[in-house]
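Text of the file start.txt, holding compact mmCIF, C-alpha atoms:
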```
# COMPACT_ATOMS: atom_id res chain seq x y z
CA MET A 1 38.61 338.13 -163.27
CA LYS A 2 41.80 339.70 -161.91
CA PHE A 3 43.09 338.70 -158.47
CA SER A 4 43.29 342.34 -157.38
CA VAL A 5 39.58 342.81 -158.17
CA LEU A 6 38.65 339.68 -156.21
CA PHE A 7 40.78 340.82 -153.27
CA TYR A 8 39.18 344.28 -153.31
CA ASP A 9 35.69 342.73 -153.39
CA ALA A 10 36.62 340.47 -150.46
CA LEU A 11 37.72 343.48 -148.37
CA ASN A 12 34.52 345.36 -149.19
CA ALA A 13 32.41 342.35 -148.19
CA LEU A 14 34.17 342.22 -144.81
CA LYS A 15 33.70 345.96 -144.30
CA ARG A 16 29.96 345.62 -144.85
CA ASN A 17 29.81 343.22 -141.89
CA LYS A 18 32.36 344.80 -139.56
CA LYS A 19 30.97 343.50 -136.27
CA ARG A 20 30.68 339.94 -137.47
CA SER A 21 34.14 340.05 -139.04
CA ILE A 22 35.73 341.50 -135.86
CA LEU A 23 34.06 338.94 -133.60
CA THR A 24 35.23 336.11 -135.84
CA MET A 25 38.70 337.63 -135.95
CA LEU A 26 38.70 337.86 -132.14
CA GLY A 27 38.59 334.07 -131.84
CA ILE A 28 41.66 333.80 -134.08
CA ILE A 29 43.46 336.51 -132.09
CA ILE A 30 42.84 334.76 -128.77
CA GLY A 31 43.84 331.36 -130.14
CA ILE A 32 47.08 332.55 -131.77
CA GLY A 33 47.83 334.77 -128.77
CA ALA A 34 47.50 331.84 -126.36
CA VAL A 35 49.87 329.68 -128.42
CA ILE A 36 52.47 332.46 -128.78
CA THR A 37 52.30 333.27 -125.04
CA ILE A 38 52.83 329.63 -124.07
CA ILE A 39 55.72 329.16 -126.52
CA SER A 40 57.47 332.39 -125.43
CA ILE A 41 57.11 331.60 -121.72
CA GLY A 42 58.16 327.99 -122.32
CA ASN A 43 61.28 329.01 -124.26
CA GLY A 44 62.13 331.57 -121.59
CA PHE A 45 61.83 328.94 -118.86
CA GLN A 46 63.96 326.54 -120.88
CA ASN A 47 66.71 329.15 -121.29
CA TYR A 48 66.50 329.94 -117.57
CA VAL A 49 66.89 326.29 -116.58
CA MET A 50 69.76 325.68 -118.98
CA GLU A 51 71.64 328.80 -117.84
CA ASN A 52 71.37 327.70 -114.22
CA LEU A 53 72.54 324.18 -115.00
CA THR A 54 75.62 325.26 -116.95
CA GLU A 55 78.55 326.60 -114.99
CA GLU A 56 78.42 330.39 -114.60
CA GLY A 57 75.91 330.59 -117.44
CA ASP A 58 78.42 329.56 -120.11
CA GLU A 59 78.22 326.61 -122.44
CA SER A 60 81.51 324.93 -121.50
CA VAL A 61 81.40 321.24 -122.28
CA SER A 62 82.41 319.19 -119.26
CA ILE A 63 82.24 315.67 -117.92
CA ALA A 64 82.10 314.57 -114.30
CA ILE A 65 84.53 311.79 -113.36
CA SER A 66 83.82 309.99 -110.10
CA PHE A 67 85.55 307.28 -108.12
CA VAL A 68 83.42 304.66 -106.36
CA PRO A 69 85.46 302.79 -103.71
CA ASN A 70 84.93 299.11 -102.98
CA LYS A 71 84.42 299.93 -99.29
CA GLN A 72 82.12 302.73 -98.12
CA SER A 73 84.38 303.29 -95.10
CA MET A 74 86.97 304.80 -97.42
CA TYR A 75 84.84 307.94 -97.68
CA GLU A 76 85.47 308.57 -93.97
CA ASP A 77 89.19 307.83 -94.03
CA PRO A 78 91.11 311.14 -93.79
CA ASN A 79 94.23 309.52 -95.27
CA ILE A 80 92.54 308.53 -98.51
CA VAL A 81 93.30 310.69 -101.55
CA PHE A 82 90.88 309.86 -104.34
CA PHE A 83 92.59 311.94 -107.04
CA ASN A 84 96.20 313.01 -106.52
CA SER A 85 98.35 315.39 -108.54
CA GLU A 86 99.60 312.58 -110.80
CA ASP A 87 96.02 311.65 -111.69
CA ILE A 88 95.25 315.27 -112.56
CA SER A 89 98.42 315.56 -114.68
CA THR A 90 97.57 312.34 -116.49
CA ILE A 91 94.08 313.60 -117.35
CA LYS A 92 95.36 317.01 -118.48
CA SER A 93 97.77 315.31 -120.89
CA ILE A 94 94.91 313.69 -122.79
CA PRO A 95 94.18 315.48 -126.11
CA GLY A 96 91.02 317.60 -125.96
CA VAL A 97 91.12 318.21 -122.19
CA LYS A 98 91.21 321.93 -121.37
CA ASP A 99 91.14 321.93 -117.57
CA VAL A 100 90.47 319.75 -114.54
CA LYS A 101 88.90 320.83 -111.26
CA PHE A 102 88.11 319.01 -108.07
CA GLY A 103 84.44 318.39 -107.35
CA ASN A 104 84.42 320.84 -104.43
CA GLU A 105 86.95 323.32 -105.81
CA ASP A 106 84.42 326.00 -106.79
CA ASN A 107 82.18 325.52 -103.77
CA GLU A 108 81.99 328.20 -101.11
CA SER A 109 82.48 325.47 -98.52
CA ALA A 110 83.10 321.74 -98.21
CA SER A 111 83.23 319.34 -95.27
CA GLN A 112 85.43 316.31 -94.78
CA ASN A 113 86.55 314.00 -92.01
CA LEU A 114 90.03 315.01 -90.78
CA GLU A 115 92.28 314.13 -87.85
CA VAL A 116 92.37 316.80 -85.13
CA GLU A 117 95.06 316.68 -82.42
CA THR A 118 95.43 318.61 -79.16
CA ARG A 119 97.37 317.90 -75.97
CA ASN A 120 94.32 315.90 -74.87
CA GLY A 121 94.82 313.46 -77.72
CA LYS A 122 93.68 312.75 -81.26
CA ALA A 123 90.15 312.53 -82.67
CA SER A 124 88.47 312.50 -86.06
CA SER A 125 86.21 315.49 -86.72
CA MET A 126 84.22 316.89 -89.61
CA VAL A 127 86.13 319.99 -90.69
CA GLU A 128 84.54 322.58 -92.96
CA THR A 129 86.80 324.51 -95.33
CA VAL A 130 85.20 327.88 -96.08
CA LYS A 131 85.88 331.28 -97.62
CA ASN A 132 84.19 333.01 -94.69
CA THR A 133 81.64 332.29 -91.98
CA ASP A 134 78.59 334.00 -90.53
CA LYS A 135 77.89 332.07 -87.35
CA GLU A 136 76.47 333.18 -84.02
CA MET A 137 79.61 333.59 -81.92
CA VAL A 138 79.88 332.81 -78.22
CA GLU A 139 83.32 334.39 -78.04
CA GLY A 140 85.91 335.52 -80.55
CA ARG A 141 85.13 336.23 -84.19
CA ASN A 142 84.03 334.67 -87.46
CA LEU A 143 86.40 333.75 -90.27
CA ASN A 144 86.56 336.42 -92.97
CA SER A 145 87.67 336.65 -96.59
CA LEU A 146 91.00 338.15 -95.53
CA ASP A 147 91.79 334.99 -93.55
CA ASN A 148 91.11 333.01 -96.69
CA ASP A 149 93.00 335.27 -99.10
CA MET A 150 96.02 335.55 -96.77
CA LYS A 151 95.91 331.80 -96.06
CA GLN A 152 95.86 332.35 -92.31
CA ARG A 153 96.12 329.30 -90.04
CA VAL A 154 93.05 330.11 -87.97
CA ALA A 155 90.01 328.09 -86.98
CA ILE A 156 86.66 328.44 -85.24
CA LEU A 157 85.00 325.66 -83.22
CA SER A 158 81.51 324.85 -82.06
CA GLU A 159 80.87 324.99 -78.30
CA ASP A 160 80.57 321.21 -78.02
CA LYS A 161 83.72 320.56 -79.99
CA ALA A 162 85.65 323.15 -77.98
CA ASP A 163 84.50 321.53 -74.72
CA GLU A 164 85.47 318.10 -76.07
CA ILE A 165 88.98 318.71 -77.40
CA LEU A 166 90.01 321.71 -75.27
CA LYS A 167 88.48 320.67 -71.94
CA ASN A 168 91.74 321.02 -69.94
CA TYR A 169 92.73 324.36 -71.45
CA ASN A 170 92.58 327.48 -69.26
CA GLU A 171 91.76 329.62 -72.29
CA LYS A 172 90.09 327.98 -75.24
CA LEU A 173 90.27 331.14 -77.36
CA GLY A 174 93.79 331.59 -78.71
CA SER A 175 94.77 327.98 -78.14
CA SER A 176 96.35 325.84 -80.85
CA ILE A 177 95.04 322.68 -82.51
CA ASN A 178 96.58 320.45 -85.18
CA ILE A 179 94.46 319.47 -88.18
CA ASN A 180 96.10 316.73 -90.24
CA GLY A 181 99.45 317.71 -88.74
CA VAL A 182 99.12 321.46 -89.38
CA GLY A 183 98.74 323.93 -86.51
CA TYR A 184 95.75 326.32 -86.41
CA LYS A 185 94.96 329.06 -83.88
CA VAL A 186 91.42 329.08 -82.44
CA VAL A 187 90.03 332.60 -83.02
CA GLY A 188 86.36 331.95 -82.30
CA ILE A 189 83.84 329.65 -80.67
CA TYR A 190 80.32 329.63 -82.07
CA LYS A 191 76.95 328.51 -80.81
CA ASP A 192 76.09 324.93 -81.67
CA GLU A 193 73.80 324.57 -84.66
CA ALA A 194 71.08 321.92 -84.76
CA PHE A 195 72.07 320.94 -88.30
CA SER A 196 75.01 322.12 -90.35
CA MET A 197 75.61 320.83 -93.87
CA GLY A 198 78.80 321.74 -95.68
CA ILE A 199 78.12 322.36 -99.34
CA GLY A 200 79.60 319.43 -101.21
CA GLY A 201 80.63 317.82 -97.95
CA GLY A 202 77.41 316.19 -96.91
CA GLY A 203 77.76 315.97 -93.12
CA PHE A 204 77.93 317.69 -89.72
CA SER A 205 80.88 320.04 -89.25
CA ASP A 206 82.01 321.52 -85.96
CA ILE A 207 85.34 323.06 -87.02
CA SER A 208 85.79 325.67 -89.75
CA ILE A 209 89.09 326.73 -91.34
CA PRO A 210 89.95 328.96 -94.36
CA LYS A 211 89.59 327.06 -97.62
CA GLN A 212 92.71 328.41 -99.34
CA THR A 213 94.82 327.79 -96.25
CA TYR A 214 93.93 324.12 -96.21
CA GLU A 215 94.35 323.64 -99.96
CA SER A 216 97.72 325.42 -100.05
CA LEU A 217 99.10 323.29 -97.20
CA ARG A 218 97.66 319.94 -98.33
CA PRO A 219 96.99 320.34 -102.07
CA GLU A 220 96.65 316.60 -102.67
CA GLU A 221 94.10 316.12 -99.93
CA ARG A 222 91.14 317.91 -101.43
CA ASN A 223 89.33 314.78 -100.42
CA SER A 224 86.66 314.71 -103.13
CA PRO A 225 85.69 311.48 -104.91
CA GLY A 226 84.79 313.48 -108.01
CA ILE A 227 86.46 315.82 -110.48
CA GLN A 228 85.18 317.98 -113.32
CA VAL A 229 86.95 317.67 -116.69
CA PHE A 230 86.47 320.60 -119.08
CA LEU A 231 86.89 319.90 -122.78
CA GLU A 232 87.95 321.99 -125.74
CA SER A 233 85.29 322.94 -128.28
CA GLY A 234 84.71 320.46 -131.09
CA VAL A 235 85.96 317.49 -129.09
CA SER A 236 83.91 314.29 -128.99
CA VAL A 237 82.57 314.21 -125.43
CA LYS A 238 81.90 310.48 -125.30
CA ASP A 239 85.23 309.48 -126.84
CA THR A 240 87.23 311.79 -124.57
CA ALA A 241 85.29 310.70 -121.46
CA LYS A 242 85.95 307.04 -122.29
CA GLU A 243 89.63 307.78 -122.84
CA VAL A 244 89.89 309.56 -119.47
CA VAL A 245 88.21 306.68 -117.62
CA ASP A 246 90.31 304.06 -119.45
CA LYS A 247 93.47 305.97 -118.54
CA LEU A 248 92.48 306.10 -114.86
CA LYS A 249 91.56 302.42 -114.85
CA SER A 250 95.01 301.53 -116.16
CA SER A 251 97.18 304.01 -114.23
CA GLY A 252 94.98 305.82 -111.68
CA SER A 253 96.21 305.98 -108.08
CA MET A 254 93.05 304.20 -106.81
CA LYS A 255 92.56 301.73 -109.68
CA ASP A 256 92.79 298.67 -107.41
CA LEU A 257 90.49 300.04 -104.70
CA GLY A 258 87.38 300.87 -106.69
CA THR A 259 86.01 301.87 -110.08
CA TYR A 260 86.07 305.06 -112.15
CA ASN A 261 82.91 306.28 -113.87
CA TYR A 262 81.98 309.30 -115.94
CA PHE A 263 78.84 311.37 -116.29
CA ASP A 264 78.34 313.45 -119.43
CA ILE A 265 76.74 316.74 -118.33
CA SER A 266 76.07 317.74 -121.94
CA GLU A 267 73.91 314.61 -122.39
CA MET A 268 71.94 315.53 -119.28
CA LEU A 269 71.41 319.10 -120.53
CA GLU A 270 70.35 317.81 -123.95
CA GLY A 271 67.85 315.46 -122.33
CA ILE A 272 66.43 318.23 -120.14
CA SER A 273 66.16 320.49 -123.18
CA LYS A 274 64.18 317.84 -125.07
CA VAL A 275 61.81 317.30 -122.15
CA LEU A 276 61.19 321.04 -121.78
CA ASN A 277 60.57 321.34 -125.53
CA GLN A 278 58.06 318.50 -125.43
CA ILE A 279 56.25 320.04 -122.47
CA THR A 280 56.07 323.41 -124.25
CA ILE A 281 54.76 321.82 -127.46
CA PHE A 282 52.19 319.75 -125.54
CA ILE A 283 50.83 322.79 -123.70
CA ALA A 284 50.83 324.80 -126.95
CA LEU A 285 48.79 322.06 -128.63
CA ILE A 286 46.25 322.27 -125.81
CA GLY A 287 46.10 326.03 -126.39
CA GLY A 288 45.68 325.31 -130.10
CA ILE A 289 42.26 323.78 -129.40
CA SER A 290 40.93 327.34 -129.19
CA LEU A 291 42.18 327.84 -132.77
CA PHE A 292 40.11 324.88 -133.93
CA ILE A 293 37.03 326.34 -132.23
CA ALA A 294 37.78 329.74 -133.81
CA GLY A 295 38.05 328.05 -137.21
CA ILE A 296 34.62 326.47 -136.80
CA GLY A 297 33.24 329.89 -135.85
CA MET A 298 34.74 331.37 -139.01
CA MET A 299 33.26 328.58 -141.14
CA ASN A 300 29.86 329.35 -139.64
CA MET A 301 30.32 333.04 -140.50
CA MET A 302 31.24 332.17 -144.07
CA PHE A 303 28.18 329.92 -144.55
CA ILE A 304 25.96 332.73 -143.24
CA SER A 305 27.65 335.17 -145.61
CA VAL A 306 27.09 332.80 -148.54
CA SER A 307 23.38 332.41 -147.72
CA GLU A 308 22.93 336.19 -147.39
CA ARG A 309 24.66 336.90 -150.72
CA THR A 310 22.91 334.33 -152.89
CA LYS A 311 21.57 336.93 -155.33
CA GLU A 312 24.98 338.63 -155.54
CA ILE A 313 26.54 335.27 -156.45
CA GLY A 314 23.88 334.69 -159.12
CA ILE A 315 24.42 338.13 -160.69
CA ARG A 316 28.19 337.66 -160.76
CA ARG A 317 27.80 334.28 -162.43
CA ALA A 318 25.32 335.76 -164.95
CA ILE A 319 27.76 338.50 -166.05
CA GLY A 320 30.63 336.08 -166.59
CA ALA A 321 32.20 335.15 -163.24
CA THR A 322 33.37 331.52 -163.17
CA LYS A 323 33.02 329.03 -160.35
CA GLY A 324 36.74 329.49 -159.71
CA ASN A 325 36.23 333.27 -159.32
CA ILE A 326 33.45 332.76 -156.76
CA THR A 327 35.48 330.15 -154.86
CA MET A 328 38.54 332.43 -154.82
CA GLN A 329 36.56 335.44 -153.59
CA PHE A 330 35.14 333.62 -150.56
CA LEU A 331 38.48 331.94 -149.86
CA LEU A 332 40.14 335.37 -149.86
CA GLU A 333 37.57 336.66 -147.38
CA GLY A 334 38.41 333.83 -144.98
CA ILE A 335 42.15 334.19 -145.49
CA VAL A 336 42.05 337.96 -144.90
CA VAL A 337 40.15 337.48 -141.63
CA THR A 338 42.52 334.79 -140.34
CA VAL A 339 45.80 336.42 -141.46
CA ILE A 340 44.88 339.76 -139.90
CA GLY A 341 43.77 337.83 -136.81
CA GLY A 342 47.11 335.97 -136.82
CA ILE A 343 49.13 339.20 -136.92
CA PHE A 344 47.16 340.80 -134.08
CA GLY A 345 47.19 337.46 -132.24
CA TYR A 346 50.98 337.35 -132.38
CA LEU A 347 51.24 340.90 -131.04
CA PHE A 348 48.70 340.08 -128.32
CA GLY A 349 50.59 336.91 -127.35
CA LEU A 350 53.87 338.83 -127.27
CA LEU A 351 52.38 341.46 -124.98
CA MET A 352 50.88 338.84 -122.67
CA ALA A 353 54.19 336.95 -122.48
CA MET A 354 56.04 340.12 -121.48
CA VAL A 355 53.43 341.00 -118.85
CA ILE A 356 53.51 337.49 -117.35
CA SER A 357 57.32 337.28 -117.38
CA ALA A 358 57.44 340.50 -115.34
CA PHE A 359 56.15 338.43 -112.41
CA LEU A 360 58.51 335.49 -113.06
CA PRO A 361 62.25 335.03 -112.32
CA PHE A 362 62.98 334.76 -116.04
CA LYS A 363 62.17 336.65 -119.23
CA ALA A 364 60.03 335.38 -122.08
CA ALA A 365 62.11 334.33 -125.10
CA VAL A 366 60.90 336.01 -128.28
CA GLU A 367 61.92 334.22 -131.48
CA VAL A 368 61.32 334.74 -135.19
CA GLY A 369 60.02 331.20 -135.63
CA PRO A 370 56.69 331.78 -133.84
CA ILE A 371 55.94 334.71 -136.19
CA VAL A 372 56.15 332.44 -139.23
CA VAL A 373 54.24 329.70 -137.43
CA ALA A 374 51.46 332.13 -136.43
CA LEU A 375 51.02 333.36 -140.01
CA LEU A 376 51.12 329.84 -141.46
CA ILE A 377 48.55 328.58 -138.95
CA SER A 378 46.32 331.54 -139.74
CA LEU A 379 46.66 330.89 -143.47
CA VAL A 380 45.87 327.18 -143.06
CA ILE A 381 42.80 327.94 -140.93
CA GLY A 382 41.63 330.46 -143.51
CA VAL A 383 41.95 327.99 -146.37
CA VAL A 384 40.64 324.88 -144.59
CA PHE A 385 37.61 326.43 -142.91
CA SER A 386 36.68 328.69 -145.85
CA TYR A 387 36.92 326.05 -148.55
CA ALA A 388 33.58 324.34 -147.88
CA PRO A 389 31.55 327.61 -147.80
CA ALA A 390 33.43 328.86 -150.88
CA LYS A 391 32.66 325.68 -152.86
CA SER A 392 29.06 325.83 -151.67
CA ALA A 393 28.80 329.36 -153.09
CA ALA A 394 30.45 328.40 -156.38
CA ASN A 395 28.19 325.38 -156.91
CA LYS A 396 24.90 327.22 -156.54
CA ASN A 397 22.57 326.91 -159.53
CA VAL A 398 22.42 330.27 -161.34
CA ILE A 399 19.03 329.56 -162.91
CA GLU A 400 17.46 328.72 -159.53
CA ILE A 401 19.01 331.82 -157.95
CA LEU A 402 17.73 334.24 -160.62
CA SER A 403 14.31 332.62 -161.19
```

Just give me the structure as structure tokens.
Amino acid sequence: MKFSVLFYDALNALKRNKKRSILTMLGIIIGIGAVITIISIGNGFQNYVMENLTEEGDESVSIAISFVPNKQSMYEDPNIVFFNSEDISTIKSIPGVKDVKFGNEDNESASQNLEVETRNGKASSMVETVKNTDKEMVEGRNLNSLDNDMKQRVAILSEDKADEILKNYNEKLGSSININGVGYKVVGIYKDEAFSMGIGGGGFSDISIPKQTYESLRPEERNSPGIQVFLESGVSVKDTAKEVVDKLKSSGSMKDLGTYNYFDISEMLEGISKVLNQITIFIALIGGISLFIAGIGMMNMMFISVSERTKEIGIRRAIGATKGNITMQFLLEGIVVTVIGGIFGYLFGLLMAMVISAFLPFKAAVEVGPIVVALLISLVIGVVFSYAPAKSAANKNVIEILS
């Protein structure tokens, strides 16, 4: 018997029992839809996390080089320069290195311990280098982006710090202070904050100055114990990182006062990606339990169909249909139900993923792979759960049926 005839008979059999076929198909649709929704949301979340972990959303390969001093007190010493210009030049000369940036270079602000001098004497203070400020002022003004761009020598102080270092001044506003030997004019005094953390600085700060001003005047004193090394594409990250660290250990400015280490950001991102993939797959497998239940429901439908069509099977066998023809016909009925259910399930899952992502800070990631997976799963369910009923139909005794 031709395949086209068997396929046509399978469709007609499903049409005769529309309600039962649709209800069975509904289980497949919900199961496939749940898996597709979870995978799409999971991939979208993974992309969202990876974009936020890579610098400015790009995929630049970089390694973080850090210096760990032998004495913790060195972190507070304003005269310590962890990476000077010679260190940076040495690293840039290594093949495969594209650029080098200080650990706090791209931060909006950073705090560090610097020496502040007035006519009342010298004192160490946490100084925040910023692009602009938005503090509650007691008198004067905040620092703005123009101060930063024009590299103005201006500063703002907290009330407590102003009272401490400018206590004998007639006018605190407009007075001059020296920070690491450079004069700055006080243009504002702000209300003390209970807790102020400089980004990348990690401490209290009670003096703020323009970031570009400070870096232009003391370029070697961007007092960060870490730098970011950006690599050219195609370069071996591990080999280059090891070469950078080995170079610093042999000729770095701080080689005798501590150790140099590296952290491969690409390895961290790869590890995070694997974990997110495993979580997505695990949740999808849990959602796949509904597919197993739907498959059992379809098997039940097929057994009922076989029992209802016993005489039809006997007549077909009597007029020449083989056991293979009967098996194929019932297999096709199961496959048609599950494949159509898989297609609608994919569309349903896609719709659900888009609706859910509308309430999330990221978009669902739609990929071609899940389409193929959905159809393959549907096909496997159709074959596996229809085979037993189909063989049961094919093995029925024709004589007993027709007697």

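Counting from atom CA of A:Val366, the distance to atom CA of A:Gly27 is 22.7 Å.
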
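What separates atom CA of A:Ile326 from atom CA of A:Lys19 is a distance of 23.3 Å.
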
**Report entry** Shell around stretch 387-394 of chain A at 9 Å using all atoms listed in the file, local window under 2 positions removed, as a list of chain:residue names
**Finding:** A:Met299, A:Asn300, A:Met302, A:Phe303, A:Ile304, A:Ser305, A:Val306, A:Ser307, A:Arg309, A:Thr310, A:Ile313, A:Arg317, A:Thr322, A:Lys323, A:Gly324, A:Asn325, A:Ile326, A:Thr327, A:Met328, A:Gln329, A:Phe330, A:Leu331, A:Gly334, A:Gly382, A:Val383, A:Val384, A:Phe385, A:Lys396, A:Asn397

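One distance worth recording is that between atom CA of A:Asn178 and atom CA of A:Asp149, which is 20.6 Å.
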
Query raised in the report: Which polymer residues, protein or nucleic acid, are no farther than 9 Å from (86.2, 329.8, -97.1), counting all atoms listed in the file, as JSON, numbers by chain?
Result: {"A": [107, 108, 109, 110, 128, 129, 130, 131, 132, 133, 143, 144, 145, 147, 148, 149, 208, 209, 210, 211, 212, 213]}

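If you measure from each of A:Val336, A:Ala353, A:Ile319, A:Ala241 to A:Ser62 using all atoms listed in the file, the closest one turns out to be A:Ala241.
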
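Of the listed residues (A:Lys71, A:Lys161, A:Lys255, A:Lys101), A:Lys101 comes nearest to A:Ser85; the distances count only C-alpha atoms.
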
Report task. Pick out the residues sitting within 7 Å of A:Ile227, and hand them over as number ranges by chain; count all atoms listed in the file, and ignore anything fewer than 4 positions along from it in its own chain. Result -> A: 64-66, 100-103

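Closest approach to A:Val337 from the set A:Ile381, A:Ser93, A:Tyr184, A:Asp99 is made by A:Ile381, with distances taken over all atoms listed in the file.
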
Requested in this report: With a distance cut-off of 9 Å and only C-alpha atoms, select the neighbouring residues of A:Ile377, excluding the residue or stretch itself and same-chain residues fewer than 2 positions from it, and output the selection as a PyMOL selection string.
Outcome: chain A and resi 32+291+338-339+342+372-375+379-382

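Residues surrounding A:Thr24 within 9 Å are Ala294, Gly295, Gly297, Met298, Met301, Val337, Thr338 and Gly341 of chain A [all atoms listed in the file; sequence separation below 6 positions excluded].
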
As AutoDock Vina command-line options, what would the box around stretch 158-176 of chain A look like: edges along x, y and z, 4 Å added on every side, centre and edge lengths in Å to one decimal?
```
--center_x 88.5 --center_y 324.8 --center_z -75.7 --size_x 23.8 --size_y 21.5 --size_z 20.8
```

Please build the interface table for stretch 69-163 of chain A against stretch 242-249 of chain A with a cut-off of 8 Å, listing for each qualifying residue the nearest atom pair and the distance in Å to one decimal; count all atoms listed in the file, order rows by chain and increasing number, and write it as a Markdown table.
```
| residue | atom | partner | partner_atom | distance |
| --- | --- | --- | --- | --- |
| A:Asp87 | CA | A:Leu248 | CA | 7.3 |
| A:Thr90 | CA | A:Lys247 | CA | 7.8 |
| A:Ile91 | CA | A:Val244 | CA | 6.2 |
| A:Ile94 | CA | A:Val244 | CA | 7.3 |
```

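Nearest to A:Gly96 of all the residues A:Asp192, A:Glu171, A:Asp77, A:Asp239 is A:Asp239, based on all atoms listed in the file.
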
Spatial neighbours of A:Lys363, 8 Å, all atoms listed in the file, chain gap at least 6 places, as a CSV table (one decimal) with C-alpha atoms, keeping the file's coordinate frame:
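part.csv was written with the following content:
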```
chain,number,residue,atom,x,y,z
A,41,ILE,CA,57.1,331.6,-121.7
A,44,GLY,CA,62.1,331.6,-121.6
A,45,PHE,CA,61.8,328.9,-118.9
A,354,MET,CA,56.0,340.1,-121.5
A,357,SER,CA,57.3,337.3,-117.4
```

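Considering all atoms listed in the file, the residue among A:Leu231, A:Leu217, A:Ile293, A:Leu11 positioned nearest to A:Lys151 is A:Leu217.
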
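Proximity ranking of A:Asp206, A:Lys15, A:Gly121, A:Thr37 relative to A:Val355 places A:Thr37 first, based on all atoms listed in the file.
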
List as a PDB file with C-alpha atoms, in the frame of the given file: which residues have an atom within 7 Å of (83.8, 331.2, -87.6), counting all atoms listed in the file?
```
ATOM      1  CA  THR A 133      81.640 332.290 -91.980  1.00  0.00           C
ATOM      2  CA  ASP A 134      78.590 334.000 -90.530  1.00  0.00           C
ATOM      3  CA  LYS A 135      77.890 332.070 -87.350  1.00  0.00           C
ATOM      4  CA  ARG A 141      85.130 336.230 -84.190  1.00  0.00           C
ATOM      5  CA  ASN A 142      84.030 334.670 -87.460  1.00  0.00           C
ATOM      6  CA  LEU A 143      86.400 333.750 -90.270  1.00  0.00           C
ATOM      7  CA  ALA A 155      90.010 328.090 -86.980  1.00  0.00           C
ATOM      8  CA  ILE A 156      86.660 328.440 -85.240  1.00  0.00           C
ATOM      9  CA  GLY A 188      86.360 331.950 -82.300  1.00  0.00           C
ATOM     10  CA  TYR A 190      80.320 329.630 -82.070  1.00  0.00           C
ATOM     11  CA  SER A 208      85.790 325.670 -89.750  1.00  0.00           C
TER      12      SER A 208
END
```
